[in-house]
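J.: My structure is in my_file-v1.pdb, and what it holds is PDB, C-alpha atoms and all ligand atoms:
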ATOM      1  CA  MET A   1     -16.151  -5.381  -0.579
ATOM      2  CA  ILE A   2     -15.302  -8.161  -3.045
ATOM      3  CA  ILE A   3     -16.292 -10.746  -0.421
ATOM      4  CA  ASN A   4     -19.565  -8.855   0.107
ATOM      5  CA  TRP A   5     -20.251  -8.911  -3.658
ATOM      6  CA  TRP A   6     -19.333 -12.609  -3.907
ATOM      7  CA  ALA A   7     -21.576 -13.566  -0.969
ATOM      8  CA  ARG A   8     -24.495 -11.563  -2.356
ATOM      9  CA  ASN A   9     -24.161 -13.330  -5.722
ATOM     10  CA  LYS A  10     -24.175 -16.687  -3.938
ATOM     11  CA  GLY A  11     -27.203 -15.646  -1.881
ATOM     12  CA  ILE A  12     -25.355 -16.219   1.422
ATOM     13  CA  ARG A  13     -24.636 -12.613   2.448
ATOM     14  CA  LYS A  14     -27.249 -12.746   5.212
ATOM     15  CA  ASP A  15     -25.301 -15.624   6.780
ATOM     16  CA  LEU A  16     -22.074 -13.632   7.034
ATOM     17  CA  ASP A  17     -20.773 -10.852   9.256
ATOM     18  CA  ILE A  18     -17.894  -8.958   7.671
ATOM     19  CA  SER A  19     -15.728  -6.625   9.747
ATOM     20  CA  VAL A  20     -12.660  -4.579   8.863
ATOM     21  CA  TYR A  21     -10.278  -3.711  11.707
ATOM     22  CA  ILE A  22      -7.651  -1.030  11.142
ATOM     23  CA  PRO A  23      -5.165   0.631  13.523
ATOM     24  CA  GLU A  24      -5.680   4.082  11.953
ATOM     25  CA  PRO A  25      -8.417   6.547  12.969
ATOM     26  CA  GLY A  26     -10.006   6.141   9.514
ATOM     27  CA  PRO A  27      -9.561   4.244   6.263
ATOM     28  CA  LEU A  28      -7.349   5.549   3.458
ATOM     29  CA  GLY A  29      -6.169   8.570   5.451
ATOM     30  CA  VAL A  30      -3.371   9.107   2.965
ATOM     31  CA  ALA A  31      -5.944  10.157   0.324
ATOM     32  CA  GLY A  32      -7.467  12.854   2.538
ATOM     33  CA  LYS A  33     -10.510  13.255   4.801
ATOM     34  CA  GLU A  34     -13.127  13.317   2.037
ATOM     35  CA  ALA A  35     -11.845  10.092   0.434
ATOM     36  CA  SER A  36     -11.681   8.487   3.855
ATOM     37  CA  MET A  37     -15.330   9.381   4.503
ATOM     38  CA  ARG A  38     -16.381   7.971   1.121
ATOM     39  CA  VAL A  39     -14.714   4.649   1.928
ATOM     40  CA  ARG A  40     -16.482   4.603   5.297
ATOM     41  CA  ASN A  41     -19.797   5.182   3.526
ATOM     42  CA  ALA A  42     -19.081   2.487   0.929
ATOM     43  CA  LEU A  43     -18.434  -0.054   3.684
ATOM     44  CA  ASP A  44     -21.466   1.102   5.635
ATOM     45  CA  GLN A  45     -23.774   0.809   2.611
ATOM     46  CA  ARG A  46     -22.657  -2.811   2.220
ATOM     47  CA  GLY A  47     -23.216  -3.670   5.876
ATOM     48  CA  ILE A  48     -19.492  -4.090   6.489
ATOM     49  CA  GLU A  49     -18.480  -3.121  10.017
ATOM     50  CA  LEU A  50     -15.444  -0.828  10.280
ATOM     51  CA  VAL A  51     -13.509  -0.822  13.564
ATOM     52  CA  THR A  52     -10.848   1.904  13.766
ATOM     53  CA  GLY A  53      -7.974   2.326  16.218
ATOM     54  CA  ALA A  54      -7.717  -1.467  16.376
ATOM     55  CA  GLY A  55      -4.089  -2.552  15.978
ATOM     56  CA  VAL A  56      -3.829  -6.353  15.992
ATOM     57  CA  THR A  57      -1.219  -7.643  18.444
ATOM     58  CA  GLU A  58      -1.779 -11.383  18.087
ATOM     59  CA  VAL A  59      -3.747 -13.989  16.141
ATOM     60  CA  SER A  60      -4.257 -17.340  17.848
ATOM     61  CA  ALA A  61      -2.641 -20.465  16.376
ATOM     62  CA  ASN A  62      -6.000 -21.722  15.084
ATOM     63  CA  GLY A  63      -6.480 -18.379  13.292
ATOM     64  CA  ARG A  64      -9.865 -17.718  14.887
ATOM     65  CA  GLU A  65      -9.070 -15.196  17.616
ATOM     66  CA  ALA A  66      -7.443 -11.811  17.212
ATOM     67  CA  SER A  67      -6.245  -9.625  20.105
ATOM     68  CA  PHE A  68      -5.914  -5.869  19.912
ATOM     69  CA  ALA A  69      -3.591  -3.298  21.488
ATOM     70  CA  ASP A  70      -6.337  -2.031  23.827
ATOM     71  CA  GLY A  71      -6.714  -5.515  25.328
ATOM     72  CA  SER A  72      -9.939  -6.354  23.478
ATOM     73  CA  MET A  73     -10.317  -9.363  21.199
ATOM     74  CA  THR A  74     -12.601 -10.787  18.548
ATOM     75  CA  THR A  75     -13.376 -14.218  17.168
ATOM     76  CA  ALA A  76     -14.277 -15.240  13.620
ATOM     77  CA  ASP A  77     -14.345 -18.287  11.358
ATOM     78  CA  ILE A  78     -11.830 -16.633   9.032
ATOM     79  CA  ILE A  79      -9.363 -13.916  10.019
ATOM     80  CA  ALA A  80      -7.289 -12.437   7.198
ATOM     81  CA  THR A  81      -4.343 -10.413   8.495
ATOM     82  CA  ILE A  82      -1.358  -8.623   7.037
ATOM     83  CA  PRO A  83       1.913  -9.804   8.637
ATOM     84  CA  VAL A  84       3.994  -7.331  10.654
ATOM     85  CA  HIS A  85       5.617  -4.966   8.211
ATOM     86  CA  LYS A  86       9.244  -4.205   8.944
ATOM     87  CA  MET A  87      12.589  -3.740   7.344
ATOM     88  CA  PRO A  88      14.521  -6.981   6.677
ATOM     89  CA  ASP A  89      17.116  -7.630   9.420
ATOM     90  CA  ILE A  90      19.903  -7.603   6.854
ATOM     91  CA  VAL A  91      19.037  -4.030   5.858
ATOM     92  CA  ALA A  92      18.795  -2.897   9.491
ATOM     93  CA  ALA A  93      22.180  -4.494  10.228
ATOM     94  CA  SER A  94      23.798  -2.748   7.249
ATOM     95  CA  GLY A  95      23.544   0.624   9.001
ATOM     96  CA  VAL A  96      21.959   2.233   5.940
ATOM     97  CA  SER A  97      18.790   3.009   7.900
ATOM     98  CA  ASN A  98      20.630   5.087  10.547
ATOM     99  CA  SER A  99      18.694   3.121  13.225
ATOM    100  CA  LYS A 100      15.328   4.370  11.859
ATOM    101  CA  PRO A 101      12.444   1.943  11.194
ATOM    102  CA  TRP A 102      12.722   2.519   7.426
ATOM    103  CA  VAL A 103      15.610   3.671   5.236
ATOM    104  CA  PRO A 104      15.741   7.482   4.818
ATOM    105  CA  VAL A 105      16.504   8.532   1.235
ATOM    106  CA  ASN A 106      17.042  11.621  -0.841
ATOM    107  CA  LYS A 107      13.527  12.094  -2.177
ATOM    108  CA  ALA A 108      14.734  13.293  -5.590
ATOM    109  CA  THR A 109      17.076  10.357  -6.292
ATOM    110  CA  LEU A 110      16.153   7.659  -3.710
ATOM    111  CA  GLU A 111      19.839   7.563  -2.713
ATOM    112  CA  THR A 112      20.603   6.593   0.878
ATOM    113  CA  SER A 113      23.100   8.336   3.144
ATOM    114  CA  THR A 114      25.691   5.999   1.592
ATOM    115  CA  SER A 115      26.740   7.338  -1.783
ATOM    116  CA  ASN A 116      25.549   5.248  -4.767
ATOM    117  CA  VAL A 117      23.409   3.007  -2.549
ATOM    118  CA  PHE A 118      19.687   3.388  -3.232
ATOM    119  CA  ALA A 119      16.581   2.169  -1.436
ATOM    120  CA  ILE A 120      13.285   1.721  -3.277
ATOM    121  CA  GLY A 121       9.845   0.495  -2.344
ATOM    122  CA  ASP A 122       8.614  -0.629   1.039
ATOM    123  CA  VAL A 123      12.016  -0.472   2.676
ATOM    124  CA  ASN A 124      12.409   3.306   2.347
ATOM    125  CA  VAL A 125      10.561   6.312   3.708
ATOM    126  CA  VAL A 126       9.826   9.282   1.459
ATOM    127  CA  PRO A 127       8.001  11.985   3.463
ATOM    128  CA  SER A 128       4.883  13.402   1.764
ATOM    129  CA  GLY A 129       2.783  15.951   3.644
ATOM    130  CA  ASP A 130       1.611  14.565   7.008
ATOM    131  CA  PHE A 131       2.330  11.021   5.830
ATOM    132  CA  ALA A 132       4.902   9.294   3.642
ATOM    133  CA  ILE A 133       4.607   7.876   0.155
ATOM    134  CA  PRO A 134       2.421   4.781   0.591
ATOM    135  CA  LYS A 135       4.034   1.385   0.630
ATOM    136  CA  ALA A 136       2.517   0.073  -2.586
ATOM    137  CA  GLY A 137       3.817  -1.825  -5.583
ATOM    138  CA  VAL A 138       3.204   1.046  -7.970
ATOM    139  CA  PHE A 139       5.576   3.265  -5.991
ATOM    140  CA  ALA A 140       8.210   0.537  -5.738
ATOM    141  CA  ALA A 141       8.026   0.198  -9.546
ATOM    142  CA  GLY A 142       8.158   3.970 -10.176
ATOM    143  CA  GLN A 143      11.098   4.379  -7.802
ATOM    144  CA  GLY A 144      12.911   1.496  -9.504
ATOM    145  CA  THR A 145      12.585   3.282 -12.841
ATOM    146  CA  LYS A 146      13.870   6.529 -11.348
ATOM    147  CA  VAL A 147      16.883   4.849  -9.741
ATOM    148  CA  GLY A 148      17.624   3.204 -13.093
ATOM    149  CA  GLU A 149      17.702   6.666 -14.668
ATOM    150  CA  VAL A 150      19.924   8.060 -11.897
ATOM    151  CA  ILE A 151      22.425   5.200 -12.192
ATOM    152  CA  ALA A 152      22.471   5.458 -15.998
ATOM    153  CA  SER A 153      23.102   9.205 -15.802
ATOM    154  CA  ARG A 154      26.040   8.653 -13.454
ATOM    155  CA  VAL A 155      27.529   5.875 -15.577
ATOM    156  CA  ASN A 156      27.117   7.973 -18.722
ATOM    157  CA  GLU A 157      28.185  11.157 -16.940
ATOM    158  CA  SER A 158      25.117  12.935 -18.302
ATOM    159  CA  GLY A 159      22.961  15.353 -16.272
ATOM    160  CA  GLU A 160      20.883  14.001 -13.366
ATOM    161  CA  PRO A 161      17.332  13.091 -14.478
ATOM    162  CA  GLU A 162      14.196  14.937 -13.296
ATOM    163  CA  PRO A 163      13.615  14.401  -9.570
ATOM    164  CA  TYR A 164      11.326  11.537  -8.528
ATOM    165  CA  ASP A 165       7.718  12.794  -8.681
ATOM    166  CA  GLY A 166       5.958  10.379  -6.311
ATOM    167  CA  VAL A 167       3.188   9.693  -8.841
ATOM    168  CA  GLY A 168       1.205   6.503  -8.459
ATOM    169  CA  TYR A 169      -2.306   5.059  -8.455
ATOM    170  CA  CYS A 170      -3.737   1.916  -6.886
ATOM    171  CA  PHE A 171      -7.017   0.239  -7.719
ATOM    172  CA  MET A 172      -9.708  -0.137  -5.118
ATOM    173  CA  ALA A 173     -12.378  -2.701  -5.994
ATOM    174  CA  TYR A 174     -15.867  -1.995  -4.646
ATOM    175  CA  SER A 175     -17.143  -5.337  -6.019
ATOM    176  CA  GLY A 176     -16.070  -7.911  -8.587
ATOM    177  CA  GLY A 177     -17.364  -5.599 -11.314
ATOM    178  CA  ARG A 178     -16.434  -2.040 -10.333
ATOM    179  CA  SER A 179     -13.166  -0.474  -9.326
ATOM    180  CA  ALA A 180     -12.009   3.008  -8.370
ATOM    181  CA  THR A 181      -8.481   4.331  -8.430
ATOM    182  CA  VAL A 182      -6.804   6.117  -5.575
ATOM    183  CA  GLY A 183      -3.552   8.024  -5.755
ATOM    184  CA  GLY A 184      -1.999  11.030  -7.368
ATOM    185  CA  GLU A 185       1.121  13.112  -7.058
ATOM    186  CA  PHE A 186       2.551  12.626  -3.597
ATOM    187  CA  LEU A 187       5.490  15.003  -4.003
ATOM    188  CA  ALA A 188       3.567  17.843  -5.651
ATOM    189  CA  GLU A 189       4.619  21.368  -4.705
ATOM    190  CA  GLY A 190       2.398  22.550  -1.873
ATOM    191  CA  GLY A 191       1.628  19.031  -0.657
ATOM    192  CA  PRO A 192       0.204  15.760  -1.942
ATOM    193  CA  GLN A 193      -2.472  15.990  -4.659
ATOM    194  CA  THR A 194      -4.489  12.800  -4.281
ATOM    195  CA  ILE A 195      -7.892  11.681  -5.454
ATOM    196  CA  LEU A 196     -10.247   8.739  -5.026
ATOM    197  CA  SER A 197     -12.228   8.273  -8.257
ATOM    198  CA  GLU A 198     -15.736   6.843  -8.473
ATOM    199  CA  PRO A 199     -15.895   3.050  -8.870
ATOM    200  CA  THR A 200     -16.764   2.131 -12.478
ATOM    201  CA  VAL A 201     -16.940  -0.879 -14.784
ATOM    202  CA  SER A 202     -14.191   0.605 -16.956
ATOM    203  CA  GLY A 203     -12.117   1.034 -13.773
ATOM    204  CA  MET A 204     -12.416  -2.722 -13.212
ATOM    205  CA  LYS A 205     -11.344  -3.345 -16.827
ATOM    206  CA  SER A 206      -8.258  -1.177 -16.216
ATOM    207  CA  LYS A 207      -7.563  -3.154 -13.027
ATOM    208  CA  ASP A 208      -7.774  -6.446 -14.952
ATOM    209  CA  ARG A 209      -5.512  -5.057 -17.682
ATOM    210  CA  PHE A 210      -2.997  -3.839 -15.096
ATOM    211  CA  GLU A 211      -2.891  -7.280 -13.475
ATOM    212  CA  ARG A 212      -2.504  -9.008 -16.862
ATOM    213  CA  ASP A 213       0.390  -6.698 -17.803
ATOM    214  CA  TRP A 214       2.193  -7.430 -14.523
ATOM    215  CA  ARG A 215       1.703 -11.163 -14.908
ATOM    216  CA  ASN A 216       3.117 -11.001 -18.449
ATOM    217  CA  PHE A 217       6.049  -8.796 -17.465
ATOM    218  CA  ARG A 218       9.416 -10.280 -18.382
ATOM    219  CA  ILE A 219      12.873  -8.748 -18.117
TER     220      ILE A 219
HETATM  221  C1  LIG B   1      -2.160  -7.961   1.250
HETATM  222  C2  LIG B   1      -1.431  -6.911   0.453
HETATM  223  C3  LIG B   1      -2.086  -6.267  -0.593
HETATM  224  C4  LIG B   1      -1.430  -5.311  -1.361
HETATM  225  N1  LIG B   1      -2.111  -4.697  -2.379
HETATM  226  C5  LIG B   1      -1.469  -3.823  -3.161
HETATM  227  C6  LIG B   1      -2.130  -3.218  -4.268
HETATM  228  O1  LIG B   1      -3.299  -3.490  -4.547
HETATM  229  N2  LIG B   1      -1.454  -2.328  -5.029
HETATM  230  C7  LIG B   1      -0.157  -2.016  -4.756
HETATM  231  O2  LIG B   1       0.431  -1.214  -5.503
HETATM  232  N3  LIG B   1       0.506  -2.565  -3.712
HETATM  233  C8  LIG B   1      -0.118  -3.457  -2.903
HETATM  234  N4  LIG B   1       0.533  -4.008  -1.832
HETATM  235  C9  LIG B   1       1.878  -3.561  -1.487
HETATM  236  C10 LIG B   1       2.958  -4.178  -2.369
HETATM  237  O3  LIG B   1       2.857  -5.583  -2.330
HETATM  238  C11 LIG B   1       4.320  -3.723  -1.871
HETATM  239  O4  LIG B   1       4.326  -2.334  -1.702
HETATM  240  C12 LIG B   1       5.424  -4.097  -2.850
HETATM  241  O5  LIG B   1       5.466  -5.498  -2.999
HETATM  242  C13 LIG B   1       6.776  -3.571  -2.368
HETATM  243  O6  LIG B   1       7.759  -3.989  -3.258
HETATM  244  P1  LIG B   1       9.250  -4.082  -2.762
HETATM  245  O7  LIG B   1      10.014  -4.586  -3.934
HETATM  246  O8  LIG B   1       9.644  -2.823  -2.097
HETATM  247  O9  LIG B   1       9.241  -5.174  -1.586
HETATM  248  P2  LIG B   1       8.829  -6.715  -1.642
HETATM  249  O10 LIG B   1       7.837  -6.979  -2.739
HETATM  250  O11 LIG B   1       8.468  -7.069  -0.233
HETATM  251  O12 LIG B   1      10.180  -7.405  -2.076
HETATM  252  C14 LIG B   1      11.246  -7.553  -1.170
HETATM  253  C15 LIG B   1      11.896  -8.898  -1.476
HETATM  254  O13 LIG B   1      13.091  -9.012  -0.715
HETATM  255  C16 LIG B   1      13.179 -10.356  -0.283
HETATM  256  N5  LIG B   1      14.093 -10.426   0.878
HETATM  257  C17 LIG B   1      13.866  -9.995   2.142
HETATM  258  N6  LIG B   1      14.957 -10.271   2.915
HETATM  259  C18 LIG B   1      15.862 -10.861   2.107
HETATM  260  C19 LIG B   1      17.172 -11.399   2.311
HETATM  261  N7  LIG B   1      17.773 -11.340   3.507
HETATM  262  N8  LIG B   1      17.805 -11.955   1.260
HETATM  263  C20 LIG B   1      17.207 -12.017   0.043
HETATM  264  N9  LIG B   1      15.958 -11.534  -0.219
HETATM  265  C21 LIG B   1      15.317 -10.976   0.815
HETATM  266  C22 LIG B   1      11.759 -10.732   0.057
HETATM  267  O14 LIG B   1      11.608 -12.132   0.082
HETATM  268  C23 LIG B   1      10.994 -10.074  -1.097
HETATM  269  O15 LIG B   1      10.871 -10.922  -2.213
HETATM  270  C24 LIG B   1      -0.096  -4.980  -1.059
HETATM  271  C25 LIG B   1       0.565  -5.632  -0.002
HETATM  272  C26 LIG B   1      -0.089  -6.573   0.749
HETATM  273  C27 LIG B   1       0.644  -7.277   1.863
END
Spit out the file's structure as structure tokens when you get a sec.
T.:
Amino acid sequence: MIINWWARNKGIRKDLDISVYIPEPGPLGVAGKEASMRVRNALDQRGIELVTGAGVTEVSANGREASFADGSMTTADIIATIPVHKMPDIVAASGVSNSKPWVPVNKATLETSTSNVFAIGDVNVVPSGDFAIPKAGVFAAGQGTKVGEVIASRVNESGEPEPYDGVGYCFMAYSGGRSATVGGEFLAEGGPQTILSEPTVSGMKSKDRFERDWRNFRI
């Protein structure tokens, strides 16, 4: 949607076809059916094609052809893909994952099956409703804080901290000027409580502020 906005501002949108290919049956499934439909509509309104159930299996060396699991393929001048997402070999070899694709953890403390060994962020799996806590930076950061508290409580022999709450929000830009947030409480009692807000100018300001804070972060 940012590319759409950029191309419109440059007056070249009519010269571009923009398509989004995803392996899932719909976009943003983790935020619920209604949010997923709103994202579909937002793409549709901008003339962005959405192709679902399209898991990429290969991108050609020149980066202009993508093949999909169903044997189909597409060509484009620019293909932007996310690399295969998997656990680092060193983690798999450590045995801490119990031969699963991601490291199972205690969802309250993020501790693995090995005592005092924790797994945070993309490498772990924390079940949440029909899905798992999304693999996003905000959750990696929140889990890091929680593990810090757990370790400190053990070192200090104080009581265990509150269990990890699975709270986190990501920004979703609809243009270069408006952003929504998507997220919520993924470990809420009774199932995940998630929401996709409306895209606003103040949402984009929050997104900019968030980015600035991360860039300025120092230990
Ligand atoms: C295109 C894209 C867009 C994204 N957008 C967002 C977003 O808008 N908001 C959001 O919240 N999240 C976003 N994410 C997700 C976010 O980047 C990840 O969830 C987050 O970086 C996970 O943090 P992590 O520390 O768990 O893992 P990583 O950031 O992957 O850190 C793991 C580190 O371990 C290192 N490593 C691996 N193997 C070894 C080894 N053997 N020895 C030493 N080091 C090793 C890696 O080099 C890496 O630096 C996005 C991801 C992608 C790919």
J.: So that I can check the surroundings of Pro25 (chain A), please list as number ranges by chain every protein, DNA and RNA residue that reaches within 10 Å of it, counting all atoms listed in the file and ignoring chain neighbours fewer than 5 positions away.
T.: A: 36, 51-54
J.: Residues within 12 Å of ligand LIG 1 (chain B), counting all atoms listed in the file: report them as a VMD selection string.
T.: chain A and resid 80 to 94 102 to 103 118 to 125 133 to 144 167 to 173 179 to 183 207 to 208 210 to 211 214
J.: Report as a PDB file with C-alpha atoms, in the frame of the given file the residues that result from applying the PyMOL selection byres (((chain A and resi 185) around 10) and not hetatm) to the structure here.
T.:
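As a result, part-v9.pdb now contains:
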ATOM      1  CA  SER A 128       4.883  13.402   1.764  1.00  0.00           C
ATOM      2  CA  ILE A 133       4.607   7.876   0.155  1.00  0.00           C
ATOM      3  CA  ASP A 165       7.718  12.794  -8.681  1.00  0.00           C
ATOM      4  CA  GLY A 166       5.958  10.379  -6.311  1.00  0.00           C
ATOM      5  CA  VAL A 167       3.188   9.693  -8.841  1.00  0.00           C
ATOM      6  CA  GLY A 168       1.205   6.503  -8.459  1.00  0.00           C
ATOM      7  CA  TYR A 169      -2.306   5.059  -8.455  1.00  0.00           C
ATOM      8  CA  GLY A 183      -3.552   8.024  -5.755  1.00  0.00           C
ATOM      9  CA  GLY A 184      -1.999  11.030  -7.368  1.00  0.00           C
ATOM     10  CA  PHE A 186       2.551  12.626  -3.597  1.00  0.00           C
ATOM     11  CA  LEU A 187       5.490  15.003  -4.003  1.00  0.00           C
ATOM     12  CA  ALA A 188       3.567  17.843  -5.651  1.00  0.00           C
ATOM     13  CA  GLU A 189       4.619  21.368  -4.705  1.00  0.00           C
ATOM     14  CA  GLY A 191       1.628  19.031  -0.657  1.00  0.00           C
ATOM     15  CA  PRO A 192       0.204  15.760  -1.942  1.00  0.00           C
ATOM     16  CA  GLN A 193      -2.472  15.990  -4.659  1.00  0.00           C
ATOM     17  CA  THR A 194      -4.489  12.800  -4.281  1.00  0.00           C
ATOM     18  CA  ILE A 195      -7.892  11.681  -5.454  1.00  0.00           C
TER      19      ILE A 195
END
J.: Closest to Lys107 (chain A) among A:Glu65, A:Glu162, A:Asp77, A:Glu157, using only C-alpha atoms?
T.: A:Glu162
J.: Evaluate the PyMOL selection byres (((chain A and resi 60) around 12) and not hetatm) here and jot the selected residues down as a list in words.
T.: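 Given this file, the PyMOL selection byres (((chain A and resi 60) around 12) and not hetatm) evaluates to Val56, Thr57, Glu58, Val59, Ala61, Asn62, Gly63, Arg64, Glu65, Ala66, Ser67, Phe68, Met73, Thr74, Thr75, Ala76, Ile78, Ile79 and Thr81 of chain A.
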J.: Go ahead and compute the interatomic distance for CA of Ser97 (chain A) and CA of Thr114 (chain A), in Å to one decimal.
T.: 9.8 Å
J.: Counting all atoms listed in the file, which residue out of A:Asn116, A:Val201, A:Glu49, A:Ala132 sits closest to Val155 (chain A)?
T.: A:Asn116
J.: Which one is closest to Glu34 (chain A): A:Ile3, A:Met204, A:Leu196, A:Ile18? Count all atoms listed in the file.
T.: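 Nearest to Glu34 (chain A): A:Leu196.
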J.: State, in Å with one decimal place, the distance from CA of Thr200 (chain A) to CA of Arg178 (chain A).
T.: 4.7 Å
J.: Determine the nearest neighbour of Gly32 (chain A) from the options A:Ser113, A:Asp130, A:Leu16, A:Asn156, counting all atoms listed in the file.
T.: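 Looking at the shortest contact to Gly32 (chain A), the residue is A:Asp130.
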J.: Give me, please, the distance in Å between CA of Leu50 (chain A) and CA of Ser202 (chain A), quoted to one decimal.
T.: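 Computing the Euclidean distance for CA of Leu50 (chain A) and CA of Ser202 (chain A) yields 27.3 Å.
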J.: Which residue, A:Phe217, A:Thr109, A:Pro27, A:Val117, has the smallest gap to Gly95 (chain A) when you use all atoms listed in the file?
T.: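 Closest residue, counting all atoms listed in the file: A:Val117.
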J.: Might you spell out which residues the PyMOL selection byres (((chain A and resi 161) around 7) and not hetatm) would select in the displayed file, as JSON, numbers by chain?
T.: {"A": [149, 150, 159, 160, 162, 163]}
J.: Kindly indicate which residue among A:Asn216, A:Asn4, A:Ser72, A:Ser206 lies nearest to Leu43 (chain A), using all atoms listed in the file for the distances.
T.: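 Nearest candidate to Leu43 (chain A) out of A:Asn216, A:Asn4, A:Ser72, A:Ser206: A:Asn4.
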J.: Could you add whatever atoms are missing so that region 50-65 of chain A carries N, CA and C atoms, then write the result as a compact mmCIF listing (two decimals), in the frame of the given file?
T.:
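Written out: selection.txt:
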# COMPACT_ATOMS: atom_id res chain seq x y z
N LEU A 50 -16.80 -1.37 10.27
CA LEU A 50 -15.44 -0.83 10.28
C LEU A 50 -15.08 -0.52 11.72
N VAL A 51 -13.97 -1.10 12.20
CA VAL A 51 -13.51 -0.82 13.56
C VAL A 51 -12.16 -0.12 13.44
N THR A 52 -12.09 1.12 13.90
CA THR A 52 -10.85 1.90 13.77
C THR A 52 -10.06 1.86 15.08
N GLY A 53 -8.82 2.30 15.01
CA GLY A 53 -7.97 2.33 16.22
C GLY A 53 -7.75 0.93 16.78
N ALA A 54 -7.80 -0.07 15.92
CA ALA A 54 -7.72 -1.47 16.38
C ALA A 54 -6.48 -2.14 15.78
N GLY A 55 -5.32 -1.91 16.43
CA GLY A 55 -4.09 -2.55 15.98
C GLY A 55 -4.03 -3.98 16.49
N VAL A 56 -3.88 -4.94 15.59
CA VAL A 56 -3.83 -6.35 15.99
C VAL A 56 -2.47 -6.64 16.63
N THR A 57 -2.48 -7.29 17.79
CA THR A 57 -1.22 -7.64 18.44
C THR A 57 -0.93 -9.14 18.30
N GLU A 58 -1.99 -9.94 18.15
CA GLU A 58 -1.78 -11.38 18.09
C GLU A 58 -2.97 -12.06 17.43
N VAL A 59 -2.68 -13.12 16.67
CA VAL A 59 -3.75 -13.99 16.14
C VAL A 59 -3.45 -15.38 16.68
N SER A 60 -4.48 -16.03 17.22
CA SER A 60 -4.26 -17.34 17.85
C SER A 60 -3.82 -18.36 16.80
N ALA A 61 -3.20 -19.45 17.28
CA ALA A 61 -2.64 -20.46 16.38
C ALA A 61 -3.71 -21.06 15.47
N ASN A 62 -4.95 -21.15 15.95
CA ASN A 62 -6.00 -21.72 15.08
C ASN A 62 -6.59 -20.67 14.14
N GLY A 63 -6.06 -19.44 14.22
CA GLY A 63 -6.48 -18.38 13.29
C GLY A 63 -7.90 -17.89 13.50
N ARG A 64 -8.46 -18.11 14.67
CA ARG A 64 -9.86 -17.72 14.89
C ARG A 64 -10.06 -16.67 15.97
N GLU A 65 -8.96 -16.24 16.59
CA GLU A 65 -9.07 -15.20 17.62
C GLU A 65 -8.00 -14.14 17.35
